[in-house]
Each structure stands twice: as C-alpha cells, then as structure tokens.
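What follows is a single structure, written as structure tokens, with notes after it.
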Amino acid sequence: MKQTYNKEAFRSLITLSIPTVLEEVLSTLLQYVDTAMVGHLGEKATAAVSTTTTIGWLIHSIPSAIAVAVLAIASKANGAGDEAKLKKLAGQSILYAFTIGTLLEVIALVLSPYIPVWMGVEPDIVRPASVYFTITSISLVFRASSRVFSAMIRSIKDTKSPMFISVGENVLNILLNTVFIYGLNLGVAGAAIASCISFGIGGIAMFLLMLSKTKLRPTREDRRLDREILSETFTIGLPALGTTFVSCFGYIAFARMVSGMGTTIFAAHSIAITAEQIVYIPGYGLRVATSTLVGNALGEKDIRKLKATERVSILITLLIMVVNGIGLYLFAYPFMRLFTNSVNAARIGSEMLRLVSFSEPFFGLMIVLEGISYGMGRTKHVFACEAVSMWGIRIFGTFLCVNVFGLGLKAVWLCMIADNICKAILLYIFRPKHVEENADDRGALR
C-alpha cells in the first residue's frame, strides 16, 4: 500500500512539477535576459539593473504571500470538492490583487528616486538605477495579479496554462529588449520598458485565463469582500509575508554591505546571485507542485497520500539539486561569461559559484520543506526559522566579516551558505508533525 502511494505521489509530482519548473525557469529567464543583455553594456549598467533587485523582491513579497495563502486555501477546497468556496476565493483574489498591486505601484513610484541612494551605490549609478526601477514599477499591478491568479489556477492542478503565459512573456521580452536596448539605443531604460510591457501583457493574460476556468469563475456576489475568507487568508498569509519581509530586508542589508565593496565586486556578486538562480529554480517549481498536492491531500483528509507526497518531493528535490550543484561547479566561469564582458567580474563570480555549489542540496531541502508547510497552511514556524537564521547568521556574520574583520567577498558568501544550511536543518527539525493517532484504517484524517 505504501509503495502504491509513493508511485501515485511520484506520478502526480512529475506531472504537475514539470510545467511549474519550466514556468519558474522562464520567469527567471526574463530577469536573466535583462541582466545578460544589459551586462554587455558594461559593469555600471549591470550595477544599475541589480541595485534595486532586492527592493523588487521586497515589494513583490506582498502579492507572493497572498499567493501562498490563496494556494493553500484553494487547493484544500479543491481536494474537498468545495467548488463554491473556489469561486468565492477567486472573487476575493481579484480584490486582493488589484487593491494591493495598485497600492504597491503608487508607493514604488513615489520612492523610486530615493531607493538607489539608500542602497549606497556610487553616484553615477543612482540615476540609471532610479530610471530602471521607476519604469518597471509601472507594471506592479499586473505582476501582482499574475502571481495571485496563477496560484488560483495551479490549485486546481492546471500548471500548464501559466507556463504557456510565461513562455509568451519571455519571447516578447527578448524581442522588445532587442528593439529598445540596441535598436533604439535606450540601454538600461530600454530593458525596463521591455520588461514593463511584457509583465503587463502577462498579467492581463493570467487574469483572462483564470476567468476562463469554470471552477474559478466568480459571480458578482463572490467579488464582494468576504470577512471569513479574508481572515483565513490573513492567518496563513501574514506569517508568510513576515517570512518574506524578514528575508528581503535581510537581502537588502546584505546587498547594502556588499555594494560598499566597489562596483566590480558588487557587479560580480550580483551576477553570481542571478546566475545561481537557475540552479535552484527547479526546487521552487517542485515546491509549488508539492504545496498543491499537500493541500489537495489535506482537503481529501488522506494522511497516507500526504506523507507520500512529502517523502517523494524531498527525494526528487535532493537528487535534482545534487546534479545541479555539480553542473554549477563545473561550468561556473562560462556561465558567468554569459552575463558580463568583464573578465575580472566573471572570475570573481565563478569562484563564488563554485563555493556555493556544495550547499545546493541543503538549499533544495529548505525550499521543499517550505512548500510542505505552506501547503498545509502552517506558516508560523517558517517565519521563525527564517528570522533566526537570516539575521542571526547571514546578516550578523556578514557585518562582522565586512565591517569588523575587513574580509572579502568569499567570507560574505560563506555566511550566506551557512544561513541556507541552518534554515534547512531548522525547517526539518521543526517541520509540521502528522497526528497519526487520528487516522483510521484507510489512512484518512477524521
């Protein structure tokens, strides 16, 4: 019986995760294209694009937290066959996405001239960084919508459709980058315009896709604010938002300390961070599939299915991250050269990538354990683990290395690696436990 559940979990995970992995890869590719195409304009252009990356993560953390809550609630409702709740939640997701997205867009546009200054970049980087952030912020309402609506779509086990939208976004972004960066000679501003248009069209497409699903098509009544669902979303989403805030503020402090080490080092650091993403993106794709299946199993009240999903997702993620870590170590330098013409930046960055390659399995474990917890709607302990590890190890350690001992970039990346390993261990130790004494002979939760 256990073997049957494992096989079923394996098939479901593979079926759902292949599109989500591709979607995550393609979403990251959009950032890769900007970094690579702008990187060939020089180190200053790379720094201008990379300076506000962590601020962007912070802003996008709010719709991402809503998406975590929406996926947990909707996948559980789908597993329980509660179509009325699915429609109601779809209506609420429209309210959440448009309201939060518009508010974030206004705030980002107001603060855009000041953010590069706060990040401590060199004076000649401030203006192009501000221009890039201002233009890309115009698409925030569409990006927020895309994240929330794609969570709704994935909750009913449709992971292919969002992937196709990501394909369209990336093809469009590459074409527009070519036109605006090189054809019209707009440089950094051209990359921002291309991304803004691509995100806008992608957000509209995701909205229309959600409305095309019979299960998710809300009535006019469903679009009115529902306090019960708002409370449930708040209970799950607030700790998830706290986790992302703690993480993003940590990344901002981390980037702020590294940016003071000089343009070449910061460019090498930023490009290496971007390059590493392709290695762990499959883990995030599996996390989405895992959260969906865990939520569905919870709705079905089938503990055996739930446990099998956990076992198989952890095993698959670890195997993928071991292979990817080996690839990252072997091809670190040519990978860096894809993003920059600077031999010095590529050399420094490749050293960091080889260093971090050994910790990729731990990073994968951290990602999939987060997915399991999010699928069950248990987000509080994830917040606690993130806060302790990010600020107690990465930020405090980096502060000591840079400001007290005057160490270089290698020491900074060792602090980052220690943080990822610590989070994986903490999340495993404090992972949600199953109440097996409440399961009957068929493995169903009462």
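Just remember, in the structure tokens the first chain shown is A, the second B, etc., residues are 1-based per chain, and ligands are 1-based in the order shown.
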**Asked** Quick one: residues within 8 Å of A:Pro19, only C-alpha atoms counted, chain neighbours fewer than 6 positions away excluded, as a VMD selection string?
**Response** chain A and resid 159 to 160 163 285
**Prompt:** Running DSSP on the backbone, which parts of stretch 261-441 of chain A land in alpha helix (DSSP H), as a PyMOL selection string?
**Reply:** chain A and resi 263-300+303-330+332-337+343-357+360-375+380-389+396-399+409-429
**Item:** Non-local contacts of A:Pro239 (10 Å; only C-alpha atoms; under 2 positions in same chain excluded) as a PyMOL selection string
**Value:** chain A and resi 65+69+234-237+241-245+378-384
Take the residues just selected and output them with C-alpha atoms as a PDB file, in the first residue's frame.
ATOM      1  CA  ALA A  65       2.378  35.999   0.472  1.00  0.00           C
ATOM      2  CA  ALA A  69      -2.389  31.728   1.286  1.00  0.00           C
ATOM      3  CA  PHE A 234      -4.686  36.778   6.755  1.00  0.00           C
ATOM      4  CA  THR A 235      -3.958  33.920   9.196  1.00  0.00           C
ATOM      5  CA  ILE A 236      -1.929  31.977   6.618  1.00  0.00           C
ATOM      6  CA  GLY A 237      -0.558  34.887   4.605  1.00  0.00           C
ATOM      7  CA  LEU A 241       4.592  37.794   4.458  1.00  0.00           C
ATOM      8  CA  GLY A 242       6.647  38.116   7.630  1.00  0.00           C
ATOM      9  CA  THR A 243       8.971  35.408   6.340  1.00  0.00           C
ATOM     10  CA  THR A 244       9.473  37.210   3.055  1.00  0.00           C
ATOM     11  CA  PHE A 245       9.878  40.590   4.741  1.00  0.00           C
ATOM     12  CA  ARG A 378       1.310  26.221   8.585  1.00  0.00           C
ATOM     13  CA  THR A 379       3.476  29.265   8.022  1.00  0.00           C
ATOM     14  CA  LYS A 380       4.418  30.491  11.509  1.00  0.00           C
ATOM     15  CA  HIS A 381       7.382  28.186  12.136  1.00  0.00           C
ATOM     16  CA  VAL A 382       8.790  29.000   8.671  1.00  0.00           C
ATOM     17  CA  PHE A 383       8.803  32.664   9.705  1.00  0.00           C
ATOM     18  CA  ALA A 384      10.633  31.851  12.960  1.00  0.00           C
TER      19      ALA A 384
END
**Prompt:** Looking at A:Glu276, A:Asp302, A:Asp222, A:Glu386, which one is nearest to A:Leu95, with distances taken over only C-alpha atoms?
**Reply:** A:Asp222
**Message:** Report as a VMD selection string all protein, DNA and RNA residues lying within 9 Å of stretch 305-312 of chain A, evaluated on only C-alpha atoms, omitting residues in the same chain fewer than 2 positions from it.
**Reply:** chain A and resid 2 to 3 5 to 10 12 to 13 290 293 to 298 301 to 303 314 to 317 368 to 369 372 434 443
**Prompt:** Got a sec: who's within 9 Å of stretch 126-138 of chain A, counting only C-alpha atoms, leaving out chain neighbours fewer than 2 positions off, as a PyMOL selection string?
**Reply:** chain A and resi 45+47-53+56+104-106+108-117+120-124+140-142+188-197+199-200
So that I have them on file, write out the residues from the current selection with C-alpha atoms, as a JSON list (two decimals), in the first residue's frame.
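New file out01.json:
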[["chain", "number", "residue", "atom", "x", "y", "z"],
["A", 45, "ALA", "CA", 24.82, 49.14, -16.48],
["A", 47, "ALA", "CA", 25.02, 47.56, -11.29],
["A", 48, "ALA", "CA", 22.15, 49.90, -12.28],
["A", 49, "VAL", "CA", 19.85, 46.96, -13.02],
["A", 50, "SER", "CA", 20.97, 44.92, -9.99],
["A", 51, "THR", "CA", 20.89, 47.71, -7.41],
["A", 52, "THR", "CA", 17.12, 47.63, -6.88],
["A", 53, "THR", "CA", 16.68, 43.85, -7.28],
["A", 56, "GLY", "CA", 11.86, 44.50, -6.00],
["A", 104, "LEU", "CA", 2.37, 48.99, -4.18],
["A", 105, "GLU", "CA", 2.72, 50.63, -7.58],
["A", 106, "VAL", "CA", 1.99, 54.09, -6.16],
["A", 108, "ALA", "CA", 7.20, 52.31, -5.56],
["A", 109, "LEU", "CA", 6.83, 55.21, -8.00],
["A", 110, "VAL", "CA", 6.99, 57.77, -5.18],
["A", 111, "LEU", "CA", 10.12, 56.20, -3.63],
["A", 112, "SER", "CA", 11.96, 55.31, -6.86],
["A", 113, "PRO", "CA", 14.26, 58.39, -6.89],
["A", 114, "TYR", "CA", 15.50, 57.67, -3.36],
["A", 115, "ILE", "CA", 15.97, 53.88, -3.33],
["A", 116, "PRO", "CA", 19.35, 53.74, -5.15],
["A", 117, "VAL", "CA", 20.69, 56.38, -2.73],
["A", 120, "GLY", "CA", 24.53, 53.18, -1.11],
["A", 121, "VAL", "CA", 25.56, 52.83, -4.76],
["A", 122, "GLU", "CA", 28.16, 55.06, -6.38],
["A", 123, "PRO", "CA", 26.83, 58.48, -7.54],
["A", 124, "ASP", "CA", 26.99, 57.76, -11.27],
["A", 140, "LEU", "CA", 3.40, 46.20, -10.50],
["A", 141, "VAL", "CA", -0.39, 45.83, -10.54],
["A", 142, "PHE", "CA", -0.08, 43.37, -13.43],
["A", 188, "VAL", "CA", 19.07, 50.37, -19.19],
["A", 189, "ALA", "CA", 15.83, 52.29, -19.77],
["A", 190, "GLY", "CA", 15.12, 50.11, -22.80],
["A", 191, "ALA", "CA", 15.43, 46.94, -20.74],
["A", 192, "ALA", "CA", 12.97, 48.40, -18.21],
["A", 193, "ILE", "CA", 10.43, 49.34, -20.90],
["A", 194, "ALA", "CA", 10.62, 45.85, -22.41],
["A", 195, "SER", "CA", 10.07, 44.19, -19.03],
["A", 196, "CYS", "CA", 7.22, 46.54, -18.16],
["A", 197, "ILE", "CA", 5.31, 45.76, -21.35],
["A", 199, "PHE", "CA", 4.75, 41.90, -17.40],
["A", 200, "GLY", "CA", 1.68, 43.94, -18.29]]
